[in-house]
>>> print(open('structure31.txt').read())   # compact mmCIF, C-alpha atoms
# COMPACT_ATOMS: atom_id res chain seq x y z
CA MET A 1 0.00 0.00 0.00
CA SER A 2 1.24 3.48 -0.77
CA PHE A 3 0.06 7.07 -0.67
CA PRO A 4 -2.74 8.10 -0.80
CA ALA A 5 -4.27 4.77 0.26
CA THR A 6 -1.89 4.83 3.20
CA ARG A 7 -1.68 8.07 5.11
CA MET A 8 0.34 7.56 8.29
CA ARG A 9 -0.83 10.91 9.65
CA ARG A 10 -4.40 9.62 9.97
CA ARG A 11 -3.32 7.82 13.16
CA ARG A 12 -1.84 11.01 14.62
CA GLN A 13 -4.64 13.48 13.99
CA ALA A 14 -6.14 13.65 17.51
CA PRO A 15 -4.92 13.12 21.07
CA TRP A 16 -7.33 10.24 21.69
CA MET A 17 -6.14 8.46 18.55
CA ARG A 18 -2.47 8.93 19.41
CA GLU A 19 -3.23 7.53 22.86
CA MET A 20 -5.07 4.57 21.38
CA VAL A 21 -2.14 3.41 19.23
CA ARG A 22 0.68 4.30 21.62
CA GLU A 23 3.16 1.40 21.71
CA HIS A 24 4.93 2.11 25.02
CA ARG A 25 3.62 3.55 28.27
CA LEU A 26 5.16 4.54 31.57
CA HIS A 27 3.68 3.33 34.84
CA PRO A 28 4.69 4.02 38.46
CA SER A 29 5.75 0.39 38.77
CA ASP A 30 8.45 1.02 36.15
CA PHE A 31 10.55 3.00 38.62
CA ILE A 32 13.10 2.51 41.36
CA TRP A 33 13.84 5.70 43.29
CA PRO A 34 17.48 6.25 44.36
CA LEU A 35 17.80 7.95 47.77
CA PHE A 36 20.87 9.37 49.52
CA ILE A 37 21.35 8.95 53.26
CA CYS A 38 23.24 11.15 55.73
CA GLU A 39 23.76 11.03 59.48
CA GLY A 40 21.69 13.03 61.96
CA GLU A 41 18.02 13.54 62.63
CA GLY A 42 15.69 15.87 60.75
CA GLU A 43 18.47 16.49 58.25
CA GLU A 44 18.01 17.49 54.63
CA GLN A 45 21.16 18.34 52.70
CA PRO A 46 20.52 19.67 49.17
CA ILE A 47 23.06 18.45 46.62
CA ALA A 48 24.27 21.40 44.59
CA SER A 49 25.11 19.43 41.45
CA LEU A 50 21.78 17.54 41.54
CA ARG A 51 19.11 20.21 41.24
CA GLY A 52 16.20 19.38 43.56
CA VAL A 53 17.81 16.24 45.07
CA SER A 54 18.87 16.00 48.72
CA ARG A 55 20.51 13.68 51.20
CA TRP A 56 18.18 12.75 54.06
CA SER A 57 18.77 11.46 57.56
CA ILE A 58 17.17 8.11 58.28
CA ASP A 59 13.90 9.58 59.57
CA GLY A 60 13.61 11.47 56.28
CA ILE A 61 14.46 8.37 54.28
CA VAL A 62 11.60 6.54 55.97
CA GLU A 63 9.25 9.36 54.99
CA ARG A 64 10.52 9.31 51.40
CA ALA A 65 9.97 5.54 51.26
CA LYS A 66 6.38 6.03 52.42
CA GLU A 67 5.83 8.68 49.75
CA ALA A 68 7.23 6.31 47.12
CA ALA A 69 4.96 3.46 48.24
CA ASP A 70 1.94 5.76 48.19
CA ALA A 71 2.82 6.78 44.62
CA GLY A 72 2.99 3.16 43.47
CA ILE A 73 6.77 2.92 43.18
CA PRO A 74 7.79 -0.69 43.96
CA ALA A 75 11.28 -0.09 45.37
CA VAL A 76 13.80 2.44 46.61
CA ALA A 77 17.59 2.19 46.25
CA LEU A 78 19.73 3.42 49.15
CA PHE A 79 23.14 5.09 48.91
CA PRO A 80 25.04 6.39 51.96
CA ASN A 81 27.19 9.45 52.47
CA THR A 82 29.54 7.91 55.03
CA ALA A 83 31.17 10.22 57.55
CA ASP A 84 34.89 10.92 57.11
CA LYS A 85 35.74 9.19 60.37
CA ASP A 86 34.19 5.95 59.12
CA ARG A 87 36.08 5.79 55.81
CA SER A 88 39.24 3.73 55.61
CA GLU A 89 41.62 2.02 53.22
CA ASP A 90 40.00 -1.35 53.93
CA ALA A 91 36.36 -0.10 53.84
CA ARG A 92 35.60 -1.85 57.12
CA GLU A 93 32.48 0.29 57.70
CA ALA A 94 30.85 -1.60 54.83
CA LEU A 95 30.72 -4.63 57.13
CA ASN A 96 29.30 -2.78 60.12
CA PRO A 97 25.73 -4.06 60.74
CA ASP A 98 24.91 -0.63 62.19
CA ASN A 99 26.21 1.45 59.29
CA LEU A 100 24.00 4.08 57.63
CA VAL A 101 22.55 1.76 55.00
CA CYS A 102 21.68 -1.02 57.43
CA ARG A 103 20.02 1.40 59.85
CA ALA A 104 18.03 2.93 57.01
CA VAL A 105 16.89 -0.48 55.79
CA ARG A 106 15.73 -1.41 59.29
CA GLY A 107 14.01 1.96 59.64
CA ILE A 108 11.94 1.38 56.51
CA LYS A 109 11.13 -2.21 57.47
CA ASP A 110 10.28 -1.34 61.07
CA ALA A 111 7.86 1.32 59.79
CA GLY A 112 5.91 -1.41 58.00
CA ILE A 113 6.10 0.31 54.61
CA GLU A 114 5.11 -1.97 51.76
CA ILE A 115 8.03 -1.26 49.46
CA GLY A 116 11.11 -3.08 48.29
CA VAL A 117 14.51 -1.93 49.50
CA MET A 118 17.58 -2.24 47.30
CA THR A 119 21.10 -1.66 48.63
CA ASP A 120 24.32 -0.81 46.85
CA VAL A 121 27.08 -3.42 47.16
CA ALA A 122 30.32 -1.54 46.51
CA LEU A 123 33.12 -0.09 48.59
CA ASP A 124 33.47 3.44 47.20
CA PRO A 125 31.17 4.99 49.85
CA TYR A 126 33.44 3.50 52.52
CA THR A 127 37.00 3.77 51.16
CA SER A 128 39.25 6.71 51.88
CA HIS A 129 40.56 6.54 48.29
CA GLY A 130 37.17 6.53 46.52
CA HIS A 131 37.58 3.26 44.62
CA ASP A 132 35.02 0.46 44.51
CA GLY A 133 37.50 -2.06 45.87
CA LEU A 134 40.61 -2.66 47.91
CA LEU A 135 43.91 -1.42 46.52
CA ALA A 136 46.89 -3.67 45.86
CA GLU A 137 50.43 -2.49 46.55
CA ASP A 138 50.80 -1.19 42.99
CA GLY A 139 47.68 0.99 43.38
CA SER A 140 45.41 -1.18 41.22
CA VAL A 141 42.13 -2.57 42.54
CA ASP A 142 42.58 -6.11 43.84
CA ASN A 143 39.70 -8.04 42.29
CA ASP A 144 39.69 -11.21 44.39
CA ALA A 145 40.30 -9.54 47.76
CA THR A 146 37.51 -7.10 46.95
CA VAL A 147 35.08 -9.90 46.02
CA ASP A 148 35.50 -11.46 49.47
CA ILE A 149 34.48 -8.20 51.15
CA LEU A 150 31.62 -7.56 48.73
CA ALA A 151 30.13 -10.96 49.54
CA ALA A 152 30.36 -10.21 53.26
CA GLN A 153 28.87 -6.75 52.70
CA ALA A 154 25.91 -8.24 50.83
CA LEU A 155 25.30 -10.66 53.70
CA VAL A 156 25.28 -7.81 56.24
CA GLN A 157 22.76 -5.89 54.12
CA ALA A 158 20.55 -8.94 53.65
CA ALA A 159 20.58 -9.54 57.40
CA ALA A 160 19.41 -5.94 57.90
CA GLY A 161 16.41 -6.68 55.68
CA ALA A 162 17.45 -5.66 52.15
CA ASP A 163 15.21 -7.26 49.55
CA ILE A 164 17.65 -6.75 46.67
CA VAL A 165 21.41 -6.35 46.86
CA ALA A 166 22.89 -4.56 43.87
CA PRO A 167 26.62 -5.03 43.21
CA SER A 168 27.79 -1.93 41.32
CA ASP A 169 31.53 -2.56 41.52
CA MET A 170 32.20 -4.50 38.28
CA MET A 171 34.59 -6.99 39.90
CA ASP A 172 34.88 -10.33 38.11
CA GLY A 173 33.15 -13.23 39.85
CA ARG A 174 31.35 -11.23 42.48
CA ILE A 175 27.83 -12.38 41.58
CA ALA A 176 28.67 -16.04 42.15
CA ALA A 177 30.44 -15.23 45.42
CA ILE A 178 27.51 -13.13 46.68
CA ARG A 179 24.93 -15.74 45.65
CA ASP A 180 26.85 -18.51 47.44
CA THR A 181 27.29 -16.37 50.55
CA LEU A 182 23.61 -15.44 50.68
CA GLU A 183 22.57 -19.08 50.24
CA ASP A 184 24.96 -20.25 52.96
CA GLY A 185 23.80 -17.44 55.24
CA GLY A 186 20.12 -18.36 55.01
CA HIS A 187 19.11 -15.54 52.65
CA SER A 188 18.10 -17.52 49.61
CA ASN A 189 15.20 -15.13 48.93
CA THR A 190 17.41 -12.05 48.75
CA ALA A 191 17.58 -11.08 45.08
CA ILE A 192 20.61 -9.78 43.21
CA MET A 193 20.42 -6.92 40.72
CA ALA A 194 23.79 -6.89 39.00
CA TYR A 195 25.21 -3.72 37.52
CA SER A 196 26.29 -5.95 34.66
CA ALA A 197 27.18 -3.33 32.05
CA LYS A 198 28.48 -0.36 34.01
CA TYR A 199 30.57 1.94 31.89
CA ALA A 200 33.49 4.16 32.88
CA SER A 201 31.36 7.20 32.15
CA ALA A 202 31.87 10.91 32.68
CA LEU A 203 28.24 11.11 33.83
CA TYR A 204 28.71 10.06 37.47
CA GLY A 205 30.05 13.34 38.87
CA PRO A 206 26.94 14.53 40.74
CA PHE A 207 26.42 11.04 42.21
CA ARG A 208 29.96 11.05 43.56
CA ASP A 209 29.26 14.42 45.12
CA ALA A 210 26.14 12.96 46.72
CA VAL A 211 27.98 10.05 48.35
CA GLY A 212 31.10 12.07 49.11
CA SER A 213 33.55 10.01 47.06
CA GLY A 214 34.34 12.36 44.18
CA ASP A 215 37.10 14.42 45.75
CA ARG A 216 38.73 11.30 47.21
CA LEU A 217 39.12 9.34 44.02
CA LYS A 218 42.73 8.62 43.18
CA GLY A 219 43.09 7.92 39.47
CA ASP A 220 40.06 6.60 37.61
CA LYS A 221 37.88 3.48 37.35
CA ARG A 222 38.69 2.43 33.80
CA GLY A 223 40.50 -0.67 35.04
CA TYR A 224 37.20 -2.23 36.15
CA GLN A 225 34.33 -0.28 34.62
CA MET A 226 33.63 -0.82 30.92
CA ASP A 227 35.03 1.11 27.96
CA PRO A 228 32.22 3.31 26.53
CA ALA A 229 33.24 2.18 23.03
CA ASN A 230 32.33 -1.47 23.65
CA GLY A 231 29.00 -3.17 23.02
CA MET A 232 29.68 -6.89 22.58
CA GLU A 233 31.57 -6.87 25.86
CA ALA A 234 28.36 -5.78 27.60
CA LEU A 235 26.60 -8.91 26.36
CA GLN A 236 29.43 -11.06 27.71
CA GLU A 237 29.20 -9.35 31.09
CA VAL A 238 25.44 -9.84 31.25
CA GLU A 239 25.70 -13.49 30.26
CA LEU A 240 28.28 -14.15 32.97
CA ASP A 241 26.19 -12.45 35.66
CA ILE A 242 23.08 -14.40 34.72
CA SER A 243 25.02 -17.64 34.80
CA GLU A 244 26.38 -16.77 38.25
CA GLY A 245 22.93 -16.16 39.73
CA ALA A 246 21.83 -12.59 39.02
CA ASP A 247 18.04 -12.18 39.17
CA PHE A 248 18.07 -8.85 37.32
CA VAL A 249 20.72 -7.07 35.26
CA MET A 250 21.36 -3.38 34.78
CA VAL A 251 22.90 -1.05 32.21
CA LYS A 252 24.46 2.16 33.51
CA PRO A 253 24.39 4.87 32.23
CA GLY A 254 21.05 4.38 30.57
CA MET A 255 20.07 7.35 28.45
CA LEU A 256 23.27 7.50 26.39
CA TYR A 257 23.45 3.68 26.21
CA LEU A 258 19.97 2.79 24.98
CA ASP A 259 21.55 0.70 22.24
CA ILE A 260 23.05 -1.51 24.96
CA VAL A 261 19.72 -1.71 26.80
CA ALA A 262 18.06 -2.81 23.55
CA ARG A 263 20.73 -5.40 22.76
CA VAL A 264 20.53 -6.90 26.24
CA ALA A 265 16.72 -6.96 26.17
CA ASP A 266 16.70 -8.62 22.75
CA THR A 267 19.37 -11.19 23.65
CA PHE A 268 18.45 -12.40 27.13
CA GLU A 269 15.18 -13.53 28.66
CA THR A 270 15.75 -11.74 31.93
CA PRO A 271 14.58 -8.42 33.42
CA VAL A 272 16.89 -5.58 32.39
CA PHE A 273 16.98 -2.27 34.24
CA ALA A 274 18.59 1.00 33.22
CA TYR A 275 19.91 3.80 35.42
CA MET A 276 19.36 7.39 34.35
CA THR A 277 22.56 8.63 35.94
CA SER A 278 23.09 11.81 37.87
CA GLY A 279 24.79 13.39 34.85
CA GLU A 280 21.86 12.49 32.59
CA PHE A 281 19.47 13.89 35.20
CA ALA A 282 21.53 17.10 35.23
CA MET A 283 21.44 17.33 31.44
CA ILE A 284 17.66 17.60 31.51
CA GLU A 285 17.50 19.94 34.50
CA GLU A 286 20.22 22.29 33.28
CA CYS A 287 18.91 22.28 29.72
CA ALA A 288 15.46 23.26 30.98
CA ALA A 289 16.93 25.91 33.31
CA ALA A 290 18.74 27.44 30.32
CA GLY A 291 15.43 27.71 28.46
CA ALA A 292 16.44 25.23 25.79
CA GLY A 293 13.28 23.14 26.05
CA ASP A 294 10.22 22.32 28.11
CA ARG A 295 11.39 20.34 31.13
CA ASP A 296 8.41 18.03 31.56
CA THR A 297 8.24 17.19 27.86
CA MET A 298 11.97 16.43 27.70
CA LEU A 299 11.76 14.30 30.83
CA MET A 300 8.84 12.18 29.67
CA GLU A 301 10.42 11.73 26.25
CA ALA A 302 13.66 10.51 27.82
CA LEU A 303 11.93 8.11 30.20
CA THR A 304 9.69 6.71 27.47
CA ALA A 305 12.81 6.01 25.41
CA PHE A 306 13.97 3.60 28.12
CA LYS A 307 10.78 1.59 27.73
CA ARG A 308 10.96 1.72 23.95
CA ALA A 309 14.50 0.30 24.14
CA GLY A 310 13.19 -2.65 26.18
CA ALA A 311 13.96 -1.69 29.78
CA THR A 312 11.91 -3.53 32.38
CA GLY A 313 12.42 -0.68 34.82
CA ILE A 314 14.25 2.60 35.34
CA LEU A 315 16.27 3.96 38.24
CA SER A 316 15.56 7.68 38.19
CA TYR A 317 15.86 10.63 40.58
CA HIS A 318 12.66 11.89 38.94
CA ALA A 319 10.77 8.75 40.01
CA LEU A 320 8.50 10.21 42.68
CA GLU A 321 7.55 13.25 40.63
CA VAL A 322 6.76 11.20 37.54
CA ALA A 323 4.93 8.43 39.42
CA ARG A 324 2.64 10.99 41.05
CA LYS A 325 1.85 12.56 37.68
CA LEU A 326 1.12 9.18 36.15
CA ARG A 327 -1.25 8.26 38.97
CA ALA A 328 -3.01 11.60 38.69
>>> encode(input="structure31.txt", output="structure tokens")
Amino acid sequence: MSFPATRMRRRRQAPWMREMVREHRLHPSDFIWPLFICEGEGEEQPIASLRGVSRWSIDGIVERAKEAADAGIPAVALFPNTADKDRSEDAREALNPDNLVCRAVRGIKDAGIEIGVMTDVALDPYTSHGHDGLLAEDGSVDNDATVDILAAQALVQAAAGADIVAPSDMMDGRIAAIRDTLEDGGHSNTAIMAYSAKYASALYGPFRDAVGSGDRLKGDKRGYQMDPANGMEALQEVELDISEGADFVMVKPGMLYLDIVARVADTFETPVFAYMTSGEFAMIEECAAAGAGDRDTMLMEALTAFKRAGATGILSYHALEVARKLRA
């Protein structure tokens, strides 16, 4: 069929018709809301490089979790800003059952909020040098020594009540080690969301400000995070993580790596999540602040693109705002 028998614009002529044939839709259940934790009580600490995003003390985190549940968001993801005194070369605070993350998890669970809690398994919030693992004598990240601590960290978080542990470190073999440790520790129902394709991106700066690791970082993370030029490697990473016991996989960053999201979704029969990083969040906010486009329209277009690419769900700092609009 060709013009004029086929006129593609006929399906676009009215809002109700565009709605009727829309292929992809956002829903509150598509989102996981990342939250940043700080010490204290009644504390809110705005993050300058993340417009409109704050760190919250645990009482505030509990309130945010309740807001998320009320908006239909299925899970929150917790990230701590660990005090200077608790950071060390060996990241021992990561194994403290009373660290910020564990106390926040228990706070949400004790409040009886019907929402999933996901915790970050990585050492960068706890190391004095800002890396995701332990350093060897030559200054490189020691993969195998780090994996041992990551597995222990995941067990501590599961014992605190985490529903999903999310290794974001990109160490080789850590999914298998964490799965075995959780099984041996009686936490067979604790799920693993693997940051399977996490790239050495320039888009993490505001996040590092939020968790207090940016100024500490010595060198860079290219020795363990992925080269942004590689795509096939991402499929290998995902395949390995699934084989080692990951329940969900993730691509990070998401917005600039939608081709990777699509390739993973097309290749593997497993839920794939994408993280709209702090830098991608800032792109939208700063673009709108400069008057270069309508903020809400840009935001919904970007989030819909995740679904169009095949993402099961999206980690987004905009989650609460968007979920409320969708419910309304």
>>> closest_residue(input="structure31.txt", among="A:Leu315, A:Met250, A:Val105, A:Leu299", to="Thr277 in chain A", atoms="all atoms listed in the file")
A:Leu315
>>> closest_residue(input="structure31.txt", among="A:Asn96, A:Thr312, A:Thr6, A:Ser54", to="Phe207 in chain A", atoms="all atoms listed in the file")
A:Ser54
>>> residues_around(input="structure31.txt", residues="range 18-23 of chain A", least_positions_apart="5", cutoff="10 Å", atoms="all atoms listed in the file", output="mmCIF file with C-alpha atoms, in the frame of the given file")
data_model
loop_
_atom_site.group_PDB
_atom_site.id
_atom_site.type_symbol
_atom_site.label_atom_id
_atom_site.label_comp_id
_atom_site.auth_asym_id
_atom_site.auth_seq_id
_atom_site.Cartn_x
_atom_site.Cartn_y
_atom_site.Cartn_z
ATOM 1 C CA ARG A 10 -4.400 9.620 9.970
ATOM 2 C CA ARG A 11 -3.320 7.820 13.160
ATOM 3 C CA ARG A 12 -1.840 11.010 14.620
ATOM 4 C CA GLN A 13 -4.640 13.480 13.990
ATOM 5 C CA LYS A 307 10.780 1.590 27.730
ATOM 6 C CA ARG A 308 10.960 1.720 23.950
#
>>> atom_distance(input="structure31.txt", atom1="CA of Val272 in chain A", atom2="CA of Val249 in chain A")
5.0 Å
>>> residues_around(input="structure31.txt", residues="Ser201 in chain A", least_positions_apart="6", cutoff="9 Å", atoms="all atoms listed in the file", output="JSON, numbers by chain")
{"A": [222, 225, 226, 227, 228, 252, 253]}
>>> atom_distance(input="structure31.txt", atom1="CA of Cys38 in chain A", atom2="CA of Gly254 in chain A")
26.1 Å
>>> residues_around(input="structure31.txt", residues="Pro97 in chain A", least_positions_apart="6", cutoff="12 Å", atoms="only C-alpha atoms", output="VMD selection string")
chain A and resid 103 to 106 152 to 161
>>> closest_residue(input="structure31.txt", among="A:Pro167, A:Phe306, A:Glu301, A:Leu258", to="Asp241 in chain A", atoms="all atoms listed in the file")
A:Pro167
>>> closest_residue(input="structure31.txt", among="A:Cys102, A:Ala282, A:Val117, A:Ala305", to="Ile192 in chain A", atoms="all atoms listed in the file")
A:Val117
>>> closest_residue(input="structure31.txt", among="A:Val76, A:Ile61, A:Ala194, A:Ala91", to="Ser29 in chain A", atoms="only C-alpha atoms")
A:Val76
>>> atom_distance(input="structure31.txt", atom1="CA of Glu233 in chain A", atom2="CA of Tyr126 in chain A")
28.7 Å
>>> closest_residue(input="structure31.txt", among="A:Ala48, A:Ala229, A:Ile32, A:Ala289", to="Tyr199 in chain A", atoms="all atoms listed in the file")
A:Ala229
>>> decode(input="structure31.txt", residues="range 102-137 of chain A", atoms="C-alpha atoms", output="PDB file, in the first residue's frame")
ATOM      1  CA  CYS A 102      21.684  -1.021  57.429  1.00  0.00           C
ATOM      2  CA  ARG A 103      20.019   1.397  59.855  1.00  0.00           C
ATOM      3  CA  ALA A 104      18.029   2.934  57.006  1.00  0.00           C
ATOM      4  CA  VAL A 105      16.889  -0.478  55.787  1.00  0.00           C
ATOM      5  CA  ARG A 106      15.734  -1.407  59.285  1.00  0.00           C
ATOM      6  CA  GLY A 107      14.015   1.963  59.638  1.00  0.00           C
ATOM      7  CA  ILE A 108      11.941   1.377  56.511  1.00  0.00           C
ATOM      8  CA  LYS A 109      11.129  -2.212  57.467  1.00  0.00           C
ATOM      9  CA  ASP A 110      10.276  -1.336  61.073  1.00  0.00           C
ATOM     10  CA  ALA A 111       7.864   1.320  59.788  1.00  0.00           C
ATOM     11  CA  GLY A 112       5.908  -1.410  57.996  1.00  0.00           C
ATOM     12  CA  ILE A 113       6.103   0.307  54.611  1.00  0.00           C
ATOM     13  CA  GLU A 114       5.107  -1.971  51.757  1.00  0.00           C
ATOM     14  CA  ILE A 115       8.025  -1.257  49.464  1.00  0.00           C
ATOM     15  CA  GLY A 116      11.115  -3.081  48.285  1.00  0.00           C
ATOM     16  CA  VAL A 117      14.508  -1.927  49.497  1.00  0.00           C
ATOM     17  CA  MET A 118      17.583  -2.239  47.304  1.00  0.00           C
ATOM     18  CA  THR A 119      21.100  -1.657  48.628  1.00  0.00           C
ATOM     19  CA  ASP A 120      24.325  -0.809  46.849  1.00  0.00           C
ATOM     20  CA  VAL A 121      27.079  -3.417  47.161  1.00  0.00           C
ATOM     21  CA  ALA A 122      30.318  -1.538  46.507  1.00  0.00           C
ATOM     22  CA  LEU A 123      33.124  -0.094  48.587  1.00  0.00           C
ATOM     23  CA  ASP A 124      33.470   3.437  47.196  1.00  0.00           C
ATOM     24  CA  PRO A 125      31.173   4.993  49.853  1.00  0.00           C
ATOM     25  CA  TYR A 126      33.443   3.501  52.516  1.00  0.00           C
ATOM     26  CA  THR A 127      36.996   3.772  51.162  1.00  0.00           C
ATOM     27  CA  SER A 128      39.253   6.711  51.882  1.00  0.00           C
ATOM     28  CA  HIS A 129      40.556   6.544  48.288  1.00  0.00           C
ATOM     29  CA  GLY A 130      37.166   6.529  46.518  1.00  0.00           C
ATOM     30  CA  HIS A 131      37.583   3.264  44.616  1.00  0.00           C
ATOM     31  CA  ASP A 132      35.023   0.460  44.511  1.00  0.00           C
ATOM     32  CA  GLY A 133      37.497  -2.062  45.871  1.00  0.00           C
ATOM     33  CA  LEU A 134      40.615  -2.663  47.908  1.00  0.00           C
ATOM     34  CA  LEU A 135      43.906  -1.419  46.519  1.00  0.00           C
ATOM     35  CA  ALA A 136      46.894  -3.671  45.860  1.00  0.00           C
ATOM     36  CA  GLU A 137      50.432  -2.491  46.550  1.00  0.00           C
TER      37      GLU A 137
END
